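Participant: Structure file coords01.pdb (PDB, N, CA and C atoms) right here:
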```pdb
ATOM      1  N   MET A   1      45.602  92.202 115.184
ATOM      2  CA  MET A   1      44.322  91.516 115.153
ATOM      3  C   MET A   1      43.206  92.503 114.787
ATOM      4  N   ILE A   2      42.218  91.997 114.093
ATOM      5  CA  ILE A   2      41.060  92.788 113.697
ATOM      6  C   ILE A   2      40.060  92.791 114.864
ATOM      7  N   THR A   3      39.697  93.977 115.314
ATOM      8  CA  THR A   3      38.725  94.091 116.406
ATOM      9  C   THR A   3      37.310  94.061 115.836
ATOM     10  N   LEU A   4      36.333  93.954 116.721
ATOM     11  CA  LEU A   4      34.937  93.961 116.290
ATOM     12  C   LEU A   4      34.600  95.270 115.568
ATOM     13  N   GLU A   5      35.046  96.384 116.116
ATOM     14  CA  GLU A   5      34.773  97.673 115.473
ATOM     15  C   GLU A   5      35.377  97.729 114.067
ATOM     16  N   GLN A   6      36.594  97.255 113.920
ATOM     17  CA  GLN A   6      37.229  97.231 112.597
ATOM     18  C   GLN A   6      36.486  96.286 111.653
ATOM     19  N   LEU A   7      36.075  95.137 112.186
ATOM     20  CA  LEU A   7      35.324  94.175 111.380
ATOM     21  C   LEU A   7      34.051  94.807 110.821
ATOM     22  N   LEU A   8      33.331  95.520 111.654
ATOM     23  CA  LEU A   8      32.086  96.151 111.203
ATOM     24  C   LEU A   8      32.360  97.211 110.145
ATOM     25  N   ARG A   9      33.449  97.939 110.283
ATOM     26  CA  ARG A   9      33.818  98.938 109.265
ATOM     27  C   ARG A   9      34.212  98.266 107.949
ATOM     28  N   ILE A  10      34.968  97.178 108.066
ATOM     29  CA  ILE A  10      35.364  96.437 106.856
ATOM     30  C   ILE A  10      34.132  95.852 106.176
ATOM     31  N   ARG A  11      33.187  95.355 106.964
ATOM     32  CA  ARG A  11      31.952  94.814 106.399
ATOM     33  C   ARG A  11      31.199  95.889 105.615
ATOM     34  N   ASP A  12      31.109  97.093 106.172
ATOM     35  CA  ASP A  12      30.437  98.185 105.470
ATOM     36  C   ASP A  12      31.166  98.541 104.177
ATOM     37  N   LEU A  13      32.486  98.536 104.224
ATOM     38  CA  LEU A  13      33.284  98.824 103.032
ATOM     39  C   LEU A  13      33.079  97.739 101.975
ATOM     40  N   ALA A  14      33.021  96.483 102.407
ATOM     41  CA  ALA A  14      32.794  95.374 101.472
ATOM     42  C   ALA A  14      31.416  95.488 100.826
ATOM     43  N   ALA A  15      30.414  95.856 101.613
ATOM     44  CA  ALA A  15      29.063  96.020 101.062
ATOM     45  C   ALA A  15      29.046  97.119 100.009
ATOM     46  N   CYS A  16      29.752  98.195 100.288
ATOM     47  CA  CYS A  16      29.838  99.293  99.315
ATOM     48  C   CYS A  16      30.560  98.836  98.051
ATOM     49  N   ALA A  17      31.624  98.057  98.223
ATOM     50  CA  ALA A  17      32.384  97.574  97.064
ATOM     51  C   ALA A  17      31.572  96.602  96.216
ATOM     52  N   VAL A  18      30.692  95.828  96.848
ATOM     53  CA  VAL A  18      29.818  94.920  96.082
ATOM     54  C   VAL A  18      28.863  95.742  95.221
ATOM     55  N   ARG A  19      28.312  96.799  95.799
ATOM     56  CA  ARG A  19      27.371  97.656  95.060
ATOM     57  C   ARG A  19      28.069  98.524  94.015
ATOM     58  N   HIS A  20      29.327  98.858  94.255
ATOM     59  CA  HIS A  20      30.090  99.738  93.360
ATOM     60  C   HIS A  20      31.447  99.092  93.077
ATOM     61  N   PRO A  21      31.487  98.123  92.169
ATOM     62  CA  PRO A  21      32.719  97.363  91.924
ATOM     63  C   PRO A  21      33.922  98.225  91.522
ATOM     64  N   ASP A  22      33.666  99.405  90.993
ATOM     65  CA  ASP A  22      34.770 100.261  90.580
ATOM     66  C   ASP A  22      35.627 100.740  91.755
ATOM     67  N   ILE A  23      35.114 100.682  92.979
ATOM     68  CA  ILE A  23      35.909 101.110  94.130
ATOM     69  C   ILE A  23      36.597  99.944  94.831
ATOM     70  N   CYS A  24      36.348  98.734  94.379
ATOM     71  CA  CYS A  24      36.864  97.550  95.056
ATOM     72  C   CYS A  24      38.390  97.569  95.161
ATOM     73  N   ALA A  25      39.082  97.822  94.079
ATOM     74  CA  ALA A  25      40.544  97.818  94.095
ATOM     75  C   ALA A  25      41.082  98.913  95.013
ATOM     76  N   ALA A  26      40.467 100.079  94.985
ATOM     77  CA  ALA A  26      40.904 101.166  95.861
ATOM     78  C   ALA A  26      40.689 100.803  97.328
ATOM     79  N   ALA A  27      39.574 100.157  97.619
ATOM     80  CA  ALA A  27      39.293  99.741  98.998
ATOM     81  C   ALA A  27      40.328  98.719  99.463
ATOM     82  N   GLU A  28      40.636  97.761  98.610
ATOM     83  CA  GLU A  28      41.628  96.756  98.972
ATOM     84  C   GLU A  28      42.993  97.385  99.220
ATOM     85  N   PHE A  29      43.375  98.336  98.375
ATOM     86  CA  PHE A  29      44.667  99.004  98.517
ATOM     87  C   PHE A  29      44.724  99.794  99.820
ATOM     88  N   ALA A  30      43.654 100.499 100.142
ATOM     89  CA  ALA A  30      43.609 101.282 101.378
ATOM     90  C   ALA A  30      43.703 100.373 102.597
ATOM     91  N   LEU A  31      43.008  99.260 102.574
ATOM     92  CA  LEU A  31      43.072  98.312 103.690
ATOM     93  C   LEU A  31      44.459  97.707 103.829
ATOM     94  N   LEU A  32      45.067  97.407 102.710
ATOM     95  CA  LEU A  32      46.399  96.819 102.736
ATOM     96  C   LEU A  32      47.389  97.769 103.396
ATOM     97  N   GLU A  33      47.267  99.054 103.109
ATOM     98  CA  GLU A  33      48.163 100.034 103.711
ATOM     99  C   GLU A  33      47.926 100.158 105.218
ATOM    100  N   LEU A  34      46.673 100.013 105.649
ATOM    101  CA  LEU A  34      46.354 100.162 107.068
ATOM    102  C   LEU A  34      46.719  98.920 107.878
ATOM    103  N   ASN A  35      46.344  97.752 107.366
ATOM    104  CA  ASN A  35      46.544  96.518 108.120
ATOM    105  C   ASN A  35      46.418  95.347 107.150
ATOM    106  N   TRP A  36      47.517  94.667 106.879
ATOM    107  CA  TRP A  36      47.492  93.590 105.892
ATOM    108  C   TRP A  36      46.553  92.462 106.302
ATOM    109  N   ARG A  37      46.308  92.291 107.597
ATOM    110  CA  ARG A  37      45.407  91.228 108.050
ATOM    111  C   ARG A  37      43.968  91.467 107.595
ATOM    112  N   SER A  38      43.646  92.706 107.341
ATOM    113  CA  SER A  38      42.274  93.038 106.964
ATOM    114  C   SER A  38      41.917  92.566 105.554
ATOM    115  N   MET A  39      42.908  92.213 104.759
ATOM    116  CA  MET A  39      42.637  91.812 103.375
ATOM    117  C   MET A  39      41.780  90.555 103.288
ATOM    118  N   MET A  40      42.103  89.527 104.063
ATOM    119  CA  MET A  40      41.315  88.294 104.001
ATOM    120  C   MET A  40      39.918  88.531 104.560
ATOM    121  N   VAL A  41      39.839  89.346 105.602
ATOM    122  CA  VAL A  41      38.529  89.667 106.173
ATOM    123  C   VAL A  41      37.688  90.408 105.133
ATOM    124  N   PHE A  42      38.285  91.372 104.449
ATOM    125  CA  PHE A  42      37.570  92.109 103.402
ATOM    126  C   PHE A  42      37.142  91.156 102.294
ATOM    127  N   SER A  43      38.045  90.316 101.849
ATOM    128  CA  SER A  43      37.741  89.378 100.760
ATOM    129  C   SER A  43      36.593  88.448 101.154
ATOM    130  N   LEU A  44      36.631  87.941 102.377
ATOM    131  CA  LEU A  44      35.552  87.075 102.864
ATOM    132  C   LEU A  44      34.226  87.824 102.891
ATOM    133  N   LEU A  45      34.208  89.002 103.504
ATOM    134  CA  LEU A  45      32.963  89.759 103.629
ATOM    135  C   LEU A  45      32.437  90.212 102.271
ATOM    136  N   PHE A  46      33.332  90.545 101.356
ATOM    137  CA  PHE A  46      32.930  90.906  99.996
ATOM    138  C   PHE A  46      32.227  89.716  99.338
ATOM    139  N   ASP A  47      32.862  88.549  99.410
ATOM    140  CA  ASP A  47      32.273  87.351  98.804
ATOM    141  C   ASP A  47      30.944  86.981  99.455
ATOM    142  N   MET A  48      30.860  87.128 100.770
ATOM    143  CA  MET A  48      29.630  86.769 101.472
ATOM    144  C   MET A  48      28.461  87.648 101.045
ATOM    145  N   GLN A  49      28.754  88.865 100.598
ATOM    146  CA  GLN A  49      27.695  89.791 100.212
ATOM    147  C   GLN A  49      27.413  89.782  98.714
ATOM    148  N   SER A  50      28.248  89.092  97.956
ATOM    149  CA  SER A  50      28.001  89.013  96.519
ATOM    150  C   SER A  50      27.056  87.842  96.232
ATOM    151  N   GLU A  51      26.539  87.793  95.048
ATOM    152  CA  GLU A  51      25.586  86.744  94.679
ATOM    153  C   GLU A  51      26.271  85.455  94.251
ATOM    154  N   THR A  52      27.505  85.550  93.827
ATOM    155  CA  THR A  52      28.209  84.362  93.349
ATOM    156  C   THR A  52      29.511  84.196  94.118
ATOM    157  N   TYR A  53      29.762  83.001  94.534
ATOM    158  CA  TYR A  53      30.989  82.645  95.242
ATOM    159  C   TYR A  53      31.116  81.138  95.193
ATOM    160  N   VAL A  54      32.287  80.652  95.507
ATOM    161  CA  VAL A  54      32.535  79.215  95.559
ATOM    162  C   VAL A  54      32.542  78.829  97.037
ATOM    163  N   PRO A  55      31.573  78.018  97.476
ATOM    164  CA  PRO A  55      31.434  77.723  98.899
ATOM    165  C   PRO A  55      32.703  77.215  99.591
ATOM    166  N   PHE A  56      33.449  76.313  98.958
ATOM    167  CA  PHE A  56      34.629  75.787  99.655
ATOM    168  C   PHE A  56      35.732  76.838  99.748
ATOM    169  N   VAL A  57      35.803  77.761  98.792
ATOM    170  CA  VAL A  57      36.766  78.868  98.878
ATOM    171  C   VAL A  57      36.332  79.820  99.994
ATOM    172  N   LEU A  58      35.037  80.053 100.077
ATOM    173  CA  LEU A  58      34.494  80.898 101.134
ATOM    174  C   LEU A  58      34.839  80.314 102.505
ATOM    175  N   TRP A  59      34.716  79.002 102.645
ATOM    176  CA  TRP A  59      35.046  78.335 103.904
ATOM    177  C   TRP A  59      36.523  78.547 104.256
ATOM    178  N   GLN A  60      37.402  78.407 103.259
ATOM    179  CA  GLN A  60      38.833  78.611 103.499
ATOM    180  C   GLN A  60      39.115  80.050 103.932
ATOM    181  N   LYS A  61      38.478  80.998 103.272
ATOM    182  CA  LYS A  61      38.653  82.407 103.651
ATOM    183  C   LYS A  61      38.133  82.643 105.065
ATOM    184  N   PHE A  62      37.017  82.027 105.393
ATOM    185  CA  PHE A  62      36.434  82.160 106.722
ATOM    186  C   PHE A  62      37.412  81.663 107.782
ATOM    187  N   GLN A  63      37.988  80.492 107.564
ATOM    188  CA  GLN A  63      38.935  79.935 108.524
ATOM    189  C   GLN A  63      40.156  80.846 108.702
ATOM    190  N   THR A  64      40.673  81.369 107.608
ATOM    191  CA  THR A  64      41.834  82.255 107.677
ATOM    192  C   THR A  64      41.474  83.574 108.351
ATOM    193  N   ALA A  65      40.318  84.112 108.029
ATOM    194  CA  ALA A  65      39.893  85.384 108.623
ATOM    195  C   ALA A  65      39.723  85.251 110.132
ATOM    196  N   LEU A  66      39.223  84.116 110.591
ATOM    197  CA  LEU A  66      39.065  83.909 112.034
ATOM    198  C   LEU A  66      40.399  84.038 112.767
ATOM    199  N   GLU A  67      41.457  83.561 112.154
ATOM    200  CA  GLU A  67      42.779  83.622 112.776
ATOM    201  C   GLU A  67      43.260  85.059 112.968
ATOM    202  N   ASP A  68      42.750  85.969 112.155
ATOM    203  CA  ASP A  68      43.205  87.360 112.178
ATOM    204  C   ASP A  68      42.320  88.269 113.018
ATOM    205  N   CYS A  69      41.354  87.692 113.743
ATOM    206  CA  CYS A  69      40.376  88.494 114.491
ATOM    207  C   CYS A  69      40.446  88.238 115.991
ATOM    208  N   THR A  70      40.049  89.248 116.736
ATOM    209  CA  THR A  70      39.904  89.085 118.181
ATOM    210  C   THR A  70      38.708  88.177 118.451
ATOM    211  N   SER A  71      38.555  87.741 119.686
ATOM    212  CA  SER A  71      37.458  86.821 120.010
ATOM    213  C   SER A  71      36.090  87.448 119.738
ATOM    214  N   GLU A  72      35.927  88.743 120.031
ATOM    215  CA  GLU A  72      34.641  89.403 119.740
ATOM    216  C   GLU A  72      34.352  89.411 118.246
ATOM    217  N   ALA A  73      35.365  89.740 117.470
ATOM    218  CA  ALA A  73      35.195  89.766 116.018
ATOM    219  C   ALA A  73      34.954  88.357 115.478
ATOM    220  N   GLN A  74      35.601  87.359 116.063
ATOM    221  CA  GLN A  74      35.374  85.973 115.655
ATOM    222  C   GLN A  74      33.918  85.575 115.868
ATOM    223  N   GLU A  75      33.368  85.955 117.002
ATOM    224  CA  GLU A  75      31.962  85.645 117.281
ATOM    225  C   GLU A  75      31.049  86.250 116.226
ATOM    226  N   GLU A  76      31.303  87.493 115.862
ATOM    227  CA  GLU A  76      30.480  88.155 114.849
ATOM    228  C   GLU A  76      30.637  87.477 113.487
ATOM    229  N   LEU A  77      31.862  87.134 113.123
ATOM    230  CA  LEU A  77      32.085  86.432 111.850
ATOM    231  C   LEU A  77      31.365  85.090 111.834
ATOM    232  N   ARG A  78      31.446  84.358 112.920
ATOM    233  CA  ARG A  78      30.764  83.055 112.996
ATOM    234  C   ARG A  78      29.253  83.235 112.853
ATOM    235  N   ARG A  79      28.711  84.260 113.513
ATOM    236  CA  ARG A  79      27.271  84.521 113.422
ATOM    237  C   ARG A  79      26.877  84.832 111.985
ATOM    238  N   GLU A  80      27.626  85.711 111.334
ATOM    239  CA  GLU A  80      27.303  86.078 109.955
ATOM    240  C   GLU A  80      27.469  84.901 109.004
ATOM    241  N   TYR A  81      28.512  84.105 109.205
ATOM    242  CA  TYR A  81      28.729  82.946 108.336
ATOM    243  C   TYR A  81      27.612  81.922 108.530
ATOM    244  N   SER A  82      27.214  81.706 109.773
ATOM    245  CA  SER A  82      26.114  80.770 110.053
ATOM    246  C   SER A  82      24.831  81.212 109.368
ATOM    247  N   GLU A  83      24.557  82.510 109.409
ATOM    248  CA  GLU A  83      23.365  83.034 108.723
ATOM    249  C   GLU A  83      23.466  82.811 107.226
ATOM    250  N   LEU A  84      24.657  83.022 106.669
ATOM    251  CA  LEU A  84      24.844  82.864 105.225
ATOM    252  C   LEU A  84      24.593  81.428 104.776
ATOM    253  N   ILE A  85      25.129  80.466 105.501
ATOM    254  CA  ILE A  85      25.002  79.077 105.035
ATOM    255  C   ILE A  85      23.580  78.549 105.162
ATOM    256  N   GLU A  86      22.720  79.287 105.820
ATOM    257  CA  GLU A  86      21.305  78.904 105.917
ATOM    258  C   GLU A  86      20.473  79.482 104.772
ATOM    259  N   THR A  87      21.077  80.315 103.930
ATOM    260  CA  THR A  87      20.313  80.974 102.869
ATOM    261  C   THR A  87      20.113  80.052 101.662
ATOM    262  N   GLU A  88      19.102  80.371 100.897
ATOM    263  CA  GLU A  88      18.814  79.623  99.670
ATOM    264  C   GLU A  88      19.949  79.781  98.661
ATOM    265  N   ASN A  89      20.521  80.980  98.584
ATOM    266  CA  ASN A  89      21.602  81.223  97.633
ATOM    267  C   ASN A  89      22.809  80.341  97.931
ATOM    268  N   TYR A  90      23.138  80.150  99.201
ATOM    269  CA  TYR A  90      24.273  79.301  99.558
ATOM    270  C   TYR A  90      24.022  77.866  99.075
ATOM    271  N   GLY A  91      22.828  77.369  99.325
ATOM    272  CA  GLY A  91      22.480  76.026  98.856
ATOM    273  C   GLY A  91      22.593  75.904  97.348
ATOM    274  N   ARG A  92      22.170  76.953  96.645
ATOM    275  CA  ARG A  92      22.257  76.967  95.180
ATOM    276  C   ARG A  92      23.721  76.943  94.734
ATOM    277  N   GLN A  93      24.579  77.708  95.407
ATOM    278  CA  GLN A  93      26.001  77.733  95.038
ATOM    279  C   GLN A  93      26.653  76.373  95.281
ATOM    280  N   VAL A  94      26.269  75.696  96.357
ATOM    281  CA  VAL A  94      26.795  74.355  96.633
ATOM    282  C   VAL A  94      26.366  73.397  95.523
ATOM    283  N   GLU A  95      25.095  73.470  95.123
ATOM    284  CA  GLU A  95      24.602  72.613  94.045
ATOM    285  C   GLU A  95      25.358  72.867  92.741
ATOM    286  N   ILE A  96      25.607  74.119  92.427
ATOM    287  CA  ILE A  96      26.348  74.463  91.202
ATOM    288  C   ILE A  96      27.752  73.865  91.253
ATOM    289  N   CYS A  97      28.436  74.042  92.375
ATOM    290  CA  CYS A  97      29.792  73.499  92.511
ATOM    291  C   CYS A  97      29.797  71.979  92.415
ATOM    292  N   ASN A  98      28.832  71.341  93.059
ATOM    293  CA  ASN A  98      28.753  69.881  92.990
ATOM    294  C   ASN A  98      28.519  69.418  91.556
ATOM    295  N   ARG A  99      27.652  70.102  90.848
ATOM    296  CA  ARG A  99      27.365  69.736  89.447
ATOM    297  C   ARG A  99      28.597  69.932  88.569
ATOM    298  N   LEU A 100      29.308  71.031  88.759
ATOM    299  CA  LEU A 100      30.531  71.260  87.987
ATOM    300  C   LEU A 100      31.575  70.186  88.270
ATOM    301  N   ASN A 101      31.689  69.779  89.516
ATOM    302  CA  ASN A 101      32.629  68.709  89.862
ATOM    303  C   ASN A 101      32.228  67.390  89.213
ATOM    304  N   GLN A 102      30.925  67.110  89.138
ATOM    305  CA  GLN A 102      30.442  65.896  88.478
ATOM    306  C   GLN A 102      30.780  65.943  86.984
ATOM    307  N   LEU A 103      30.579  67.105  86.377
ATOM    308  CA  LEU A 103      30.886  67.238  84.954
ATOM    309  C   LEU A 103      32.380  67.073  84.697
ATOM    310  N   ARG A 104      33.212  67.616  85.581
ATOM    311  CA  ARG A 104      34.657  67.456  85.428
ATOM    312  C   ARG A 104      35.034  65.993  85.546
ATOM    313  N   GLY A 105      34.392  65.293  86.466
ATOM    314  CA  GLY A 105      34.680  63.859  86.646
ATOM    315  C   GLY A 105      34.259  63.044  85.442
ATOM    316  N   ALA A 106      33.174  63.440  84.779
ATOM    317  CA  ALA A 106      32.709  62.726  83.590
ATOM    318  C   ALA A 106      33.626  62.935  82.396
ATOM    319  N   ASP A 107      34.351  64.071  82.382
ATOM    320  CA  ASP A 107      35.267  64.364  81.278
ATOM    321  C   ASP A 107      36.544  63.562  81.351
ATOM    322  N   ARG A 108      36.832  62.993  82.473
ATOM    323  CA  ARG A 108      38.121  62.285  82.637
ATOM    324  C   ARG A 108      38.084  60.925  82.076
TER     325      ARG A 108
END
```
Now, as a test, write the supplied structure out as structure tokens.
Facilitator:
Amino acid sequence: MITLEQLLRIRDLAACAVRHPDICAAAEFALLELNWRSMMVFSLLFDMQSETYVPFVLWQKFQTALEDCTSEAQEELRREYSELIETENYGRQVEICNRLNQLRGADR
């Protein structure tokens, strides 16, 4: 299980990988060697800190990441996710996804 301390370290690593995409693959590989459960947590935190993501995929990653965390780490993830979904960018991403789904439906 991912502890709160590990979660905070993974979050810092994800933030660094967002700012420096060239280290992303190396970070993922290092995490995989240490603890395979950390991969979904890293992927979730990376997406949460990037400007573009697909909200429903983010939700799925969030649900999976919660399963891999201790209760303290779960609380922190829930807090961060709650803050994210209140942002203007999250609302914009939902609108984009909804519009793309409408366009796909019109093509059928």
Participant: Would you list the contacts of Met1 in chain A as a ChimeraX atom specification, taking every protein, DNA or RNA residue within 6.5 Å and counting only N, CA and C atoms, but skipping same-chain residues closer than 6 positions in sequence?
Facilitator: /A:68-70
Participant: At what distance in Å, to one decimal, does atom C of Arg104 in chain A lie from atom C of Phe62 in chain A?
Facilitator: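 These two atoms are separated by 27.3 Å.
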Participant: Can you turn the PyMOL selection byres (((chain A and resi 46 and name CA) around 8) and name CA) into a concrete residue list for this file, as an MDAnalysis selection string?
Facilitator: chainID A and resid 11 14:15 17:18 42:45 47:50
Participant: Please run DSSP on the backbone and report, as a PyMOL selection string, all residues within chain A that come out as alpha helix (DSSP H).
Facilitator: chain A and resi 4-19+24-34+38-49+55-67+71-85+88-107
Participant: Could you work out how far atom C of Gln93 in chain A lies from atom N of Pro55 in chain A, giving the answer in Å with one decimal?
Facilitator: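 About the pair atom N of Pro55 in chain A and atom C of Gln93 in chain A: they are 5.6 Å apart.
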Participant: To one decimal place in Å, what is the distance between CA of Leu8 in chain A and CA of Glu86 in chain A?
Facilitator: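 Here the two named atoms are 21.0 Å from each other.
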Participant: Could the centre and edge lengths of an axis-aligned box, enclosing all atoms of range 80-93 of chain A in the file with 3 Å extra on each side, be given in Å to one decimal as lines of an AutoDock Vina configuration file?
Facilitator:
```
center_x = 23.8
center_y = 81.0
center_z = 103.0
size_x = 15.9
size_y = 16.2
size_z = 22.6
```
Participant: Would you be able to write out as a PyMOL selection string which residues have an atom within 9 Å of (44.8, 91.7, 110.4) in the file's coordinates, counting only C-alpha atoms?
Facilitator: chain A and resi 1-3+35-41+65+67-69
